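Colleague: Below is the file structure-v3.pdb, with PDB, C-alpha atoms and all ligand atoms.
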ATOM      1  CA  MET C   1       0.000   0.000   0.000
ATOM      2  CA  ALA C   2       1.270   3.476  -0.806
ATOM      3  CA  ASN C   3       2.508   5.447   2.139
ATOM      4  CA  PRO C   4       0.583   8.763   2.197
ATOM      5  CA  GLU C   5       3.569  10.506   3.856
ATOM      6  CA  ILE C   6       5.898   9.874   0.954
ATOM      7  CA  GLY C   7       3.234  10.336  -1.678
ATOM      8  CA  ASN C   8       4.764  13.605  -2.837
ATOM      9  CA  SER C   9       8.216  12.206  -3.501
ATOM     10  CA  ILE C  10       7.086   9.517  -5.958
ATOM     11  CA  PRO C  11       9.230   9.766  -9.127
ATOM     12  CA  THR C  12       7.540  11.627 -12.002
ATOM     13  CA  SER C  13       9.928  10.287 -14.605
ATOM     14  CA  ILE C  14      12.541   7.567 -14.522
ATOM     15  CA  ASN C  15      14.047   7.652 -18.009
ATOM     16  CA  GLY C  16      14.618  11.427 -17.983
ATOM     17  CA  SER C  17      15.835  11.083 -14.373
ATOM     18  CA  LYS C  18      13.540  13.994 -13.449
ATOM     19  CA  PHE C  19      12.487  13.396  -9.841
ATOM     20  CA  LYS C  20      10.306  15.812  -7.865
ATOM     21  CA  GLU C  21      12.928  16.226  -5.129
ATOM     22  CA  ASP C  22      15.467  17.214  -7.812
ATOM     23  CA  GLU C  23      13.332  20.116  -8.992
ATOM     24  CA  GLY C  24      14.962  23.532  -8.686
ATOM     25  CA  LYS C  25      18.447  22.016  -8.818
ATOM     26  CA  GLU C  26      19.277  23.188 -12.330
ATOM     27  CA  ASN C  27      22.403  24.984 -11.068
ATOM     28  CA  TYR C  28      23.517  21.892  -9.186
ATOM     29  CA  SER C  29      27.209  22.270 -10.068
ATOM     30  CA  LEU C  30      27.131  25.908  -8.949
ATOM     31  CA  GLN C  31      25.523  24.863  -5.662
ATOM     32  CA  ILE C  32      28.244  22.262  -5.065
ATOM     33  CA  PHE C  33      30.898  24.879  -5.877
ATOM     34  CA  GLN C  34      29.344  27.394  -3.439
ATOM     35  CA  SER C  35      29.031  24.796  -0.667
ATOM     36  CA  THR C  36      32.661  23.788  -1.174
ATOM     37  CA  LEU C  37      33.825  27.405  -0.947
ATOM     38  CA  ASN C  38      31.679  27.800   2.175
ATOM     39  CA  LEU C  39      33.362  24.768   3.751
ATOM     40  CA  LEU C  40      36.791  26.131   2.761
ATOM     41  CA  ALA C  41      35.958  29.510   4.351
ATOM     42  CA  HIS C  42      35.037  27.792   7.652
ATOM     43  CA  ILE C  43      38.248  25.745   7.636
ATOM     44  CA  LEU C  44      40.374  28.854   6.957
ATOM     45  CA  ILE C  45      38.549  30.876   9.659
ATOM     46  CA  GLY C  46      39.277  28.011  12.093
ATOM     47  CA  ILE C  47      42.988  27.906  11.208
ATOM     48  CA  VAL C  48      43.552  31.694  11.283
ATOM     49  CA  VAL C  49      41.531  32.364  14.452
ATOM     50  CA  GLY C  50      42.968  29.259  16.160
ATOM     51  CA  ILE C  51      46.568  30.289  15.486
ATOM     52  CA  CYS C  52      45.871  33.881  16.606
ATOM     53  CA  MET C  53      44.471  32.464  19.873
ATOM     54  CA  LEU C  54      47.587  30.319  20.375
ATOM     55  CA  PHE C  55      49.684  33.439  19.749
ATOM     56  CA  GLY C  56      47.535  35.658  21.999
ATOM     57  CA  PHE C  57      47.590  33.192  24.906
ATOM     58  CA  ARG C  58      51.265  32.170  24.502
ATOM     59  CA  TYR C  59      52.203  33.718  27.872
ATOM     60  CA  GLY C  60      49.006  32.528  29.579
ATOM     61  CA  VAL C  61      46.646  34.756  31.569
ATOM     62  CA  PRO C  62      46.323  37.568  32.566
ATOM     63  CA  LEU C  63      46.807  38.800  29.019
ATOM     64  CA  ARG C  64      49.126  41.710  28.248
ATOM     65  CA  MET C  65      47.411  44.599  26.467
ATOM     66  CA  THR C  66      48.725  43.779  22.960
ATOM     67  CA  ASN C  67      47.684  40.137  23.339
ATOM     68  CA  LEU C  68      44.278  41.091  24.719
ATOM     69  CA  HIS C  69      43.677  43.388  21.732
ATOM     70  CA  ILE C  70      44.662  40.604  19.317
ATOM     71  CA  VAL C  71      42.275  38.127  20.982
ATOM     72  CA  LEU C  72      39.361  40.621  21.064
ATOM     73  CA  CYS C  73      39.878  42.011  17.542
ATOM     74  CA  VAL C  74      40.387  38.631  15.850
ATOM     75  CA  ILE C  75      37.390  37.012  17.612
ATOM     76  CA  GLY C  76      35.322  40.112  16.820
ATOM     77  CA  TYR C  77      36.217  40.614  13.165
ATOM     78  CA  GLN C  78      37.547  37.316  11.809
ATOM     79  CA  LEU C  79      35.275  34.952  13.771
ATOM     80  CA  MET C  80      32.003  36.645  14.732
ATOM     81  CA  MET C  81      31.666  39.157  11.899
ATOM     82  CA  ALA C  82      32.779  36.557   9.373
ATOM     83  CA  GLU C  83      30.182  34.057  10.631
ATOM     84  CA  GLY C  84      27.634  36.868  10.918
ATOM     85  CA  ILE C  85      27.998  37.726   7.224
ATOM     86  CA  LEU C  86      27.980  34.037   6.268
ATOM     87  CA  ALA C  87      24.802  33.445   8.303
ATOM     88  CA  LEU C  88      22.784  35.215   5.587
ATOM     89  CA  CYS C  89      24.267  33.247   2.659
ATOM     90  CA  PRO C  90      21.719  30.801   1.184
ATOM     91  CA  TYR C  91      24.297  27.969   1.010
ATOM     92  CA  ASN C  92      25.948  28.532   4.416
ATOM     93  CA  SER C  93      26.214  25.132   6.114
ATOM     94  CA  TRP C  94      24.972  25.808   9.642
ATOM     95  CA  THR C  95      22.213  28.347   8.810
ATOM     96  CA  ALA C  96      20.846  26.806   5.583
ATOM     97  CA  GLY C  97      18.008  25.105   7.515
ATOM     98  CA  LEU C  98      16.937  28.249   9.376
ATOM     99  CA  LYS C  99      13.960  30.430   8.455
ATOM    100  CA  LEU C 100      14.889  33.839   7.000
ATOM    101  CA  ALA C 101      13.733  35.600  10.203
ATOM    102  CA  ASP C 102      16.050  33.407  12.299
ATOM    103  CA  LYS C 103      18.964  33.924   9.879
ATOM    104  CA  LYS C 104      18.485  37.689  10.358
ATOM    105  CA  ARG C 105      18.378  37.258  14.153
ATOM    106  CA  THR C 106      21.579  35.190  14.055
ATOM    107  CA  HIS C 107      23.244  37.804  11.833
ATOM    108  CA  THR C 108      22.173  40.665  14.141
ATOM    109  CA  ILE C 109      23.401  38.961  17.323
ATOM    110  CA  LEU C 110      26.760  37.964  15.789
ATOM    111  CA  GLN C 111      27.352  41.421  14.294
ATOM    112  CA  ILE C 112      26.532  43.246  17.530
ATOM    113  CA  MET C 113      28.718  40.923  19.641
ATOM    114  CA  GLY C 114      31.542  40.934  17.069
ATOM    115  CA  SER C 115      31.497  44.720  16.702
ATOM    116  CA  VAL C 116      31.555  45.253  20.480
ATOM    117  CA  LEU C 117      34.551  42.913  20.908
ATOM    118  CA  ALA C 118      36.450  44.350  17.921
ATOM    119  CA  ILE C 119      35.845  47.977  18.922
ATOM    120  CA  ALA C 120      36.763  47.226  22.556
ATOM    121  CA  GLY C 121      40.015  45.540  21.435
ATOM    122  CA  SER C 122      40.889  48.481  19.189
ATOM    123  CA  ILE C 123      40.101  51.181  21.798
ATOM    124  CA  LEU C 124      41.968  49.327  24.578
ATOM    125  CA  LYS C 125      45.133  49.115  22.461
ATOM    126  CA  SER C 126      44.809  52.771  21.396
ATOM    127  CA  LEU C 127      44.542  53.841  25.051
ATOM    128  CA  ASP C 128      47.675  51.807  25.740
ATOM    129  CA  LYS C 129      49.697  53.925  23.246
ATOM    130  CA  THR C 130      50.912  57.512  23.604
ATOM    131  CA  THR C 131      50.800  58.395  19.868
ATOM    132  CA  ASN C 132      47.817  57.024  17.994
ATOM    133  CA  PHE C 133      47.279  55.860  14.417
ATOM    134  CA  ASN C 134      50.876  56.434  13.384
ATOM    135  CA  THR C 135      51.177  52.987  11.726
ATOM    136  CA  LEU C 136      49.398  51.533   8.701
ATOM    137  CA  HIS C 137      48.148  48.729  10.974
ATOM    138  CA  GLY C 138      46.478  51.268  13.261
ATOM    139  CA  GLN C 139      45.182  53.445  10.407
ATOM    140  CA  TYR C 140      43.418  50.552   8.670
ATOM    141  CA  ALA C 141      42.051  49.439  12.059
ATOM    142  CA  LEU C 142      40.633  52.955  12.533
ATOM    143  CA  VAL C 143      38.910  52.829   9.128
ATOM    144  CA  ALA C 144      37.526  49.376  10.021
ATOM    145  CA  MET C 145      36.246  50.726  13.329
ATOM    146  CA  VAL C 146      34.489  53.731  11.720
ATOM    147  CA  PHE C 147      32.798  51.564   9.058
ATOM    148  CA  THR C 148      31.837  48.993  11.702
ATOM    149  CA  ILE C 149      30.024  51.692  13.684
ATOM    150  CA  VAL C 150      28.324  53.128  10.579
ATOM    151  CA  SER C 151      27.313  49.635   9.457
ATOM    152  CA  LEU C 152      25.889  48.880  12.926
ATOM    153  CA  VAL C 153      23.689  52.002  12.878
ATOM    154  CA  ASN C 154      22.699  51.223   9.313
ATOM    155  CA  GLY C 155      21.964  47.631  10.330
ATOM    156  CA  VAL C 156      19.296  48.797  12.765
ATOM    157  CA  THR C 157      17.524  50.814  10.046
ATOM    158  CA  SER C 158      17.811  47.790   7.708
ATOM    159  CA  LEU C 159      16.332  45.506  10.377
ATOM    160  CA  TYR C 160      13.357  47.836  10.781
ATOM    161  CA  ALA C 161      13.259  48.718   7.057
ATOM    162  CA  TYR C 162       9.616  47.612   6.801
ATOM    163  CA  GLU C 163       8.483  49.705   9.794
ATOM    164  CA  LEU C 164      10.540  52.706   8.614
ATOM    165  CA  ARG C 165       9.501  52.437   4.944
ATOM    166  CA  LYS C 166       7.495  55.686   5.146
ATOM    167  CA  TYR C 167      10.613  57.633   6.121
ATOM    168  CA  ILE C 168      13.490  55.684   4.494
ATOM    169  CA  PRO C 169      13.050  53.483   1.380
ATOM    170  CA  GLY C 170      14.203  49.944   2.342
ATOM    171  CA  ASN C 171      17.036  49.744  -0.163
ATOM    172  CA  PHE C 172      18.471  53.053   1.040
ATOM    173  CA  SER C 173      19.323  51.283   4.288
ATOM    174  CA  LYS C 174      20.105  47.813   2.978
ATOM    175  CA  ILE C 175      22.454  48.590   0.070
ATOM    176  CA  PRO C 176      24.788  50.902   2.070
ATOM    177  CA  HIS C 177      24.621  48.436   5.001
ATOM    178  CA  SER C 178      26.082  45.663   2.805
ATOM    179  CA  ILE C 179      28.716  47.981   1.317
ATOM    180  CA  PHE C 180      29.803  49.521   4.655
ATOM    181  CA  GLY C 181      29.926  46.064   6.228
ATOM    182  CA  VAL C 182      32.143  44.776   3.411
ATOM    183  CA  VAL C 183      34.461  47.830   3.693
ATOM    184  CA  ALA C 184      34.754  47.293   7.484
ATOM    185  CA  PHE C 185      35.513  43.593   7.022
ATOM    186  CA  VAL C 186      38.089  44.134   4.237
ATOM    187  CA  THR C 187      39.924  46.946   6.079
ATOM    188  CA  SER C 188      40.054  44.744   9.192
ATOM    189  CA  LEU C 189      41.742  42.131   6.968
ATOM    190  CA  VAL C 190      44.355  44.675   5.807
ATOM    191  CA  SER C 191      44.994  45.699   9.432
ATOM    192  CA  LEU C 192      45.291  42.025  10.421
ATOM    193  CA  CYS C 193      47.847  41.418   7.650
ATOM    194  CA  TYR C 194      49.939  44.374   8.867
ATOM    195  CA  GLY C 195      49.653  42.779  12.331
ATOM    196  CA  PHE C 196      51.023  39.475  10.964
ATOM    197  CA  ASN C 197      53.870  41.471   9.423
ATOM    198  CA  TYR C 198      55.214  42.554  12.846
ATOM    199  CA  SER C 199      58.575  40.913  13.493
ATOM    200  CA  PHE C 200      57.478  39.475  16.862
ATOM    201  CA  PHE C 201      54.711  37.510  15.093
ATOM    202  CA  LYS C 202      56.984  36.380  12.245
ATOM    203  CA  THR C 203      59.638  35.320  14.764
ATOM    204  CA  TRP C 204      57.061  33.346  16.773
ATOM    205  CA  THR C 205      55.806  31.487  13.697
ATOM    206  CA  GLY C 206      59.283  30.742  12.347
ATOM    207  CA  VAL C 207      61.141  30.437  15.616
ATOM    208  CA  GLU C 208      62.136  26.761  15.294
ATOM    209  CA  ARG C 209      63.814  27.162  11.928
ATOM    210  CA  SER C 210      65.182  30.704  12.277
ATOM    211  CA  SER C 211      68.904  31.260  12.069
ATOM    212  CA  GLY C 212      70.239  34.795  12.387
ATOM    213  CA  ASP C 213      68.903  37.131   9.725
ATOM    214  CA  ASN C 214      67.836  34.260   7.530
ATOM    215  CA  GLN C 215      64.456  33.711   9.177
ATOM    216  CA  HIS C 216      61.630  31.702   7.663
ATOM    217  CA  HIS C 217      58.594  33.940   7.518
ATOM    218  CA  GLY C 218      56.576  31.824   5.114
ATOM    219  CA  PHE C 219      54.032  30.905   7.768
ATOM    220  CA  ALA C 220      53.167  34.555   8.497
ATOM    221  CA  TYR C 221      52.626  35.087   4.757
ATOM    222  CA  ALA C 222      50.510  31.923   4.633
ATOM    223  CA  MET C 223      48.383  33.392   7.443
ATOM    224  CA  MET C 224      47.899  36.547   5.339
ATOM    225  CA  ALA C 225      46.961  34.469   2.285
ATOM    226  CA  MET C 226      44.482  32.306   4.235
ATOM    227  CA  SER C 227      42.868  35.397   5.810
ATOM    228  CA  ALA C 228      42.604  37.082   2.399
ATOM    229  CA  ALA C 229      41.113  33.903   0.883
ATOM    230  CA  PHE C 230      38.297  33.506   3.412
ATOM    231  CA  THR C 231      37.587  37.261   3.376
ATOM    232  CA  PHE C 232      37.191  37.158  -0.406
ATOM    233  CA  ILE C 233      34.895  34.110  -0.278
ATOM    234  CA  ILE C 234      32.762  35.770   2.424
ATOM    235  CA  ILE C 235      32.287  39.142   0.694
ATOM    236  CA  VAL C 236      31.067  37.640  -2.597
ATOM    237  CA  ASN C 237      27.464  37.118  -1.401
ATOM    238  CA  PRO C 238      26.873  40.614   0.112
ATOM    239  CA  MET C 239      28.485  42.227  -2.965
ATOM    240  CA  VAL C 240      26.249  40.269  -5.345
ATOM    241  CA  THR C 241      23.179  41.067  -3.206
ATOM    242  CA  ALA C 242      24.040  44.801  -3.124
ATOM    243  CA  PHE C 243      24.646  44.778  -6.891
ATOM    244  CA  ASN C 244      21.331  43.031  -7.654
ATOM    245  CA  LYS C 245      19.416  45.417  -5.358
ATOM    246  CA  THR C 246      21.044  48.424  -7.050
ATOM    247  CA  VAL C 247      20.088  47.099 -10.498
ATOM    248  CA  ARG C 248      16.492  46.582  -9.286
ATOM    249  CA  VAL C 249      16.326  50.139  -7.865
ATOM    250  CA  LYS C 250      17.607  51.588 -11.147
ATOM    251  CA  LYS C 251      15.007  49.735 -13.255
TER     252      LYS C 251
HETATM  253  C1  LIG C 301      41.779  42.515  12.898
HETATM  254  C2  LIG C 301      42.702  42.459  13.792
HETATM  255  C3  LIG C 301      43.328  43.654  14.475
HETATM  256  C4  LIG C 301      42.834  44.907  14.681
HETATM  257  C5  LIG C 301      41.477  45.459  14.280
HETATM  258  C6  LIG C 301      43.847  45.654  15.387
HETATM  259  C7  LIG C 301      43.700  46.962  15.826
HETATM  260  C8  LIG C 301      44.686  47.730  16.410
HETATM  261  C9  LIG C 301      44.546  49.099  16.854
HETATM  262  C10 LIG C 301      43.287  49.937  16.749
HETATM  263  C11 LIG C 301      45.723  49.482  17.371
HETATM  264  C12 LIG C 301      46.045  50.863  17.971
HETATM  265  C13 LIG C 301      46.532  51.801  16.853
HETATM  266  C14 LIG C 301      46.889  53.175  17.401
HETATM  267  O1  LIG C 301      46.214  53.662  18.294
HETATM  268  O2  LIG C 301      47.852  53.739  16.890
HETATM  269  C15 LIG C 301      46.642  48.376  17.257
HETATM  270  C16 LIG C 301      47.950  48.393  17.625
HETATM  271  C17 LIG C 301      48.816  47.326  17.550
HETATM  272  N1  LIG C 301      48.507  46.066  17.091
HETATM  273 FE1  LIG C 301      46.737  45.476  16.357
HETATM  274  N2  LIG C 301      44.925  44.846  15.581
HETATM  275  C18 LIG C 301      44.658  43.622  15.045
HETATM  276  C19 LIG C 301      45.480  42.519  15.021
HETATM  277  C20 LIG C 301      46.803  42.534  15.405
HETATM  278  C21 LIG C 301      47.697  41.430  15.285
HETATM  279  C22 LIG C 301      47.326  40.074  14.684
HETATM  280  C23 LIG C 301      48.898  41.844  15.789
HETATM  281  C24 LIG C 301      50.187  41.090  15.907
HETATM  282  C25 LIG C 301      50.366  39.858  15.635
HETATM  283  C26 LIG C 301      48.752  43.195  16.241
HETATM  284  C27 LIG C 301      49.745  43.958  16.811
HETATM  285  C28 LIG C 301      49.629  45.274  17.166
HETATM  286  C29 LIG C 301      50.727  46.088  17.684
HETATM  287  C30 LIG C 301      52.152  45.611  17.910
HETATM  288  C31 LIG C 301      50.222  47.360  17.931
HETATM  289  C32 LIG C 301      50.976  48.591  18.465
HETATM  290  C33 LIG C 301      51.720  49.280  17.304
HETATM  291  C34 LIG C 301      50.783  49.956  16.294
HETATM  292  O3  LIG C 301      49.966  50.804  16.667
HETATM  293  O4  LIG C 301      50.838  49.586  15.116
HETATM  294  N3  LIG C 301      47.462  43.592  15.984
HETATM  295  N4  LIG C 301      45.987  47.335  16.672
END
Could you quickly redo this structure as C-alpha cells?
Modeller:
Amino acid sequence: MANPEIGNSIPTSINGSKFKEDEGKENYSLQIFQSTLNLLAHILIGIVVGICMLFGFRYGVPLRMTNLHIVLCVIGYQLMMAEGILALCPYNSWTAGLKLADKKRTHTILQIMGSVLAIAGSILKSLDKTTNFNTLHGQYALVAMVFTIVSLVNGVTSLYAYELRKYIPGNFSKIPHSIFGVVAFVTSLVSLCYGFNYSFFKTWTGVERSSGDNQHHGFAYAMMAMSAAFTFIIIVNPMVTAFNKTVRVKK
C-alpha cells in the first residue's frame, strides 16, 4: 500500500531522471561549488583564528594589552563578523536550515557581539599607546572601526526597514549596510595582515627554523593568504546582493 507521507516524492519520470525532489536544482554544479567554498571559508577561519588564539595566549593569563587586543579584535572581526555575514548566505552550512527571520536574528546577534569585541580591542590598544594611528596597521584598524560603527547604525535601520519604509526606502538602508559592512571587514583584513607582518609575530611562527637574519617567515605570509582567501569568499554574497538590489532600484 502506498505510504501517504511519501506520496509527494514519488518519481515523475525515470528515463529522464527527473524526480520531484530534484526540482529547482538546475544549477547543481554551482551549488556544489558554493558549498565547497563555504566549507573552505570555515576551515580557513578556524585555522587563522585558532593560530591567533595560540599566539595571543602564549604567555598565559592575565593577558598583556597587545595580546588582549589581538584576541578581542580577531574574535570580533575574523570569527564573529565573518560568521555573521555568512549566516545570511543561502548555502551557508549551519544556517541553511533556518527560516529567514532566524537567519536575520543570528546575523544581528553575531554582528553586535563581534562589533563590540572588535571595537573594545581596538580602543583598549589605542589607550595603551601615547601616539595614535601612526602605523598603517592602526590606520586601517581605525577605518575598520568607523565603518563597523556606521554599518551597525545602518543595520538597525535595515532591520526595521519595513516599519521605517514611510521615512526611508528599504534599499536606502540595505544597500549601504552591505557595502559599509564589506568595507569594514576588508579593512580589518588589511589591518590584520599588517599585524602578521610585525617581526614578533613572524619570529614566533618561524622560531624553530630561524637562524640569524635568515628567518623563515613563510608561515606569516601563509596566514595573510588564508585570511585574504576567506575574506574574499565571504564578501562575494553581500556584494552580489548589493549589486542586484542596485540594479532593481535603477530599473
Ligand atoms: C583585525 C585584527 C586587528 C585589529 C582590528 C587591530 C587593531 C589595532 C589598533 C586599533 C591598534 C592601535 C593603533 C593606534 O592607536 O595607533 C593596534 C595596535 C597594535 N597592534 Fe593590532 N589589531 C589587530 C590585530 C593585530 C595582530 C594580529 C597583531 C600582531 C600579531 C597586532 C599587533 C599590534 C601592535 C604591535 C600594535 C601597536 C603598534 C601599532 O599601533 O601599530 N594587531 N591594533
Colleague: Which residue, C:Asn27, C:Asn171, C:Asn132, C:Ser151, has the smallest gap to ligand LIG 301 (chain C) when you use all atoms listed in the file?
Modeller: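 Distance minimum relative to ligand LIG 301 (chain C) lands on C:Asn132.
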Colleague: With 3 Å on each side, where is the centre of the axis-aligned box around all listed atoms of ligand LIG 301 (chain C), and how long are its edges in Å to one decimal, as JSON?
Modeller:
{"center_x": 46.8, "center_y": 46.8, "center_z": 15.7, "size_x": 16.7, "size_y": 19.9, "size_z": 11.6}
Colleague: For each of C:Trp204, C:Gly46, C:Gly195, C:Gln34, take the minimum atom-to-atom distance to Thr135 in chain C, counting all atoms listed in the file, then give the residue where this is smallest.
Modeller: C:Gly195
Colleague: Around ligand LIG 301 (chain C), which protein and nucleic acid residues have at least one atom no more than 9 Å from it, if we count all atoms listed in the file? List them as a short mmCIF file (atom, residue, chain, number, x, y, z; two decimals) with C-alpha atoms, in the coordinates of the input.
Modeller:
data_model
loop_
_atom_site.label_atom_id
_atom_site.label_comp_id
_atom_site.auth_asym_id
_atom_site.auth_seq_id
_atom_site.Cartn_x
_atom_site.Cartn_y
_atom_site.Cartn_z
CA CYS C 52 45.87 33.88 16.61
CA PHE C 55 49.68 33.44 19.75
CA GLY C 56 47.54 35.66 22.00
CA THR C 66 48.72 43.78 22.96
CA ASN C 67 47.68 40.14 23.34
CA HIS C 69 43.68 43.39 21.73
CA ILE C 70 44.66 40.60 19.32
CA VAL C 71 42.28 38.13 20.98
CA LEU C 72 39.36 40.62 21.06
CA CYS C 73 39.88 42.01 17.54
CA VAL C 74 40.39 38.63 15.85
CA ILE C 75 37.39 37.01 17.61
CA GLY C 76 35.32 40.11 16.82
CA TYR C 77 36.22 40.61 13.16
CA GLN C 78 37.55 37.32 11.81
CA ALA C 118 36.45 44.35 17.92
CA ILE C 119 35.84 47.98 18.92
CA GLY C 121 40.02 45.54 21.44
CA SER C 122 40.89 48.48 19.19
CA ILE C 123 40.10 51.18 21.80
CA LEU C 124 41.97 49.33 24.58
CA LYS C 125 45.13 49.12 22.46
CA SER C 126 44.81 52.77 21.40
CA LEU C 127 44.54 53.84 25.05
CA ASP C 128 47.68 51.81 25.74
CA LYS C 129 49.70 53.92 23.25
CA THR C 130 50.91 57.51 23.60
CA THR C 131 50.80 58.40 19.87
CA ASN C 132 47.82 57.02 17.99
CA PHE C 133 47.28 55.86 14.42
CA ASN C 134 50.88 56.43 13.38
CA THR C 135 51.18 52.99 11.73
CA LEU C 136 49.40 51.53 8.70
CA HIS C 137 48.15 48.73 10.97
CA GLY C 138 46.48 51.27 13.26
CA GLN C 139 45.18 53.44 10.41
CA TYR C 140 43.42 50.55 8.67
CA ALA C 141 42.05 49.44 12.06
CA LEU C 142 40.63 52.96 12.53
CA ALA C 144 37.53 49.38 10.02
CA MET C 145 36.25 50.73 13.33
CA PHE C 185 35.51 43.59 7.02
CA THR C 187 39.92 46.95 6.08
CA SER C 188 40.05 44.74 9.19
CA LEU C 189 41.74 42.13 6.97
CA VAL C 190 44.36 44.68 5.81
CA SER C 191 44.99 45.70 9.43
CA LEU C 192 45.29 42.02 10.42
CA CYS C 193 47.85 41.42 7.65
CA TYR C 194 49.94 44.37 8.87
CA GLY C 195 49.65 42.78 12.33
CA PHE C 196 51.02 39.48 10.96
CA ASN C 197 53.87 41.47 9.42
CA TYR C 198 55.21 42.55 12.85
CA SER C 199 58.58 40.91 13.49
CA PHE C 200 57.48 39.48 16.86
CA PHE C 201 54.71 37.51 15.09
CA LYS C 202 56.98 36.38 12.24
#
Colleague: Report as a ChimeraX atom specification the residues that result from applying the PyMOL selection byres (((chain C and resi 180) around 9) and not hetatm) to the structure here.
Modeller: /C:147-148,150-151,154,175-179,181-185
Colleague: Quick one: pull the distance between CA of Ala225 in chain C and CA of Asn237 in chain C, Å, one decimal.
Modeller: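 Value for the CA of Ala225 in chain C-CA of Asn237 in chain C distance: 20.0 Å.
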Colleague: Please report the interatomic distance between CA of Trp94 in chain C and CA of Leu44 in chain C in Å with one decimal.
Modeller: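 Interatomic distance here is 15.9 Å.
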Colleague: For range 68-74 of chain C, supply all heavy atoms and report the output as a CSV table (one decimal), in the frame of the given file.
Modeller:
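The result, stored in out39.csv:
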chain,number,residue,atom,x,y,z
C,68,LEU,N,45.7,41.0,24.5
C,68,LEU,CA,44.3,41.1,24.7
C,68,LEU,C,43.6,41.7,23.5
C,68,LEU,O,42.6,41.2,23.0
C,68,LEU,CB,44.0,42.0,26.0
C,68,LEU,CG,42.5,42.2,26.3
C,68,LEU,CD1,41.8,40.9,26.7
C,68,LEU,CD2,42.4,43.2,27.4
C,69,HIS,N,44.3,42.7,22.9
C,69,HIS,CA,43.7,43.4,21.7
C,69,HIS,C,43.6,42.4,20.5
C,69,HIS,O,42.7,42.4,19.8
C,69,HIS,CB,44.4,44.7,21.4
C,69,HIS,CG,45.2,44.8,20.2
C,69,HIS,ND1,46.5,44.3,20.1
C,69,HIS,CD2,44.9,45.2,18.9
C,69,HIS,CE1,47.0,44.5,18.9
C,69,HIS,NE2,46.1,45.0,18.1
C,70,ILE,N,44.7,41.6,20.4
C,70,ILE,CA,44.7,40.6,19.3
C,70,ILE,C,43.5,39.6,19.5
C,70,ILE,O,42.7,39.4,18.6
C,70,ILE,CB,46.0,39.8,19.3
C,70,ILE,CG1,47.1,40.8,18.9
C,70,ILE,CG2,45.9,38.7,18.3
C,70,ILE,CD1,48.5,40.2,19.0
C,71,VAL,N,43.4,39.1,20.7
C,71,VAL,CA,42.3,38.1,21.0
C,71,VAL,C,40.9,38.8,20.7
C,71,VAL,O,40.1,38.2,20.0
C,71,VAL,CB,42.4,37.6,22.5
C,71,VAL,CG1,41.1,36.8,22.8
C,71,VAL,CG2,43.6,36.7,22.6
C,72,LEU,N,40.7,40.0,21.2
C,72,LEU,CA,39.4,40.6,21.1
C,72,LEU,C,39.1,41.0,19.6
C,72,LEU,O,38.0,40.7,19.1
C,72,LEU,CB,39.3,41.9,21.9
C,72,LEU,CG,39.2,41.7,23.4
C,72,LEU,CD1,39.3,43.0,24.2
C,72,LEU,CD2,38.0,40.9,23.8
C,73,CYS,N,40.1,41.6,18.9
C,73,CYS,CA,39.9,42.0,17.5
C,73,CYS,C,39.7,40.8,16.6
C,73,CYS,O,38.8,40.9,15.7
C,73,CYS,CB,41.1,42.9,17.0
C,73,CYS,SG,41.1,44.5,17.8
C,74,VAL,N,40.5,39.8,16.8
C,74,VAL,CA,40.4,38.6,15.8
C,74,VAL,C,39.1,37.9,16.1
C,74,VAL,O,38.4,37.5,15.1
C,74,VAL,CB,41.6,37.7,16.0
C,74,VAL,CG1,41.4,36.4,15.2
C,74,VAL,CG2,42.9,38.5,15.5
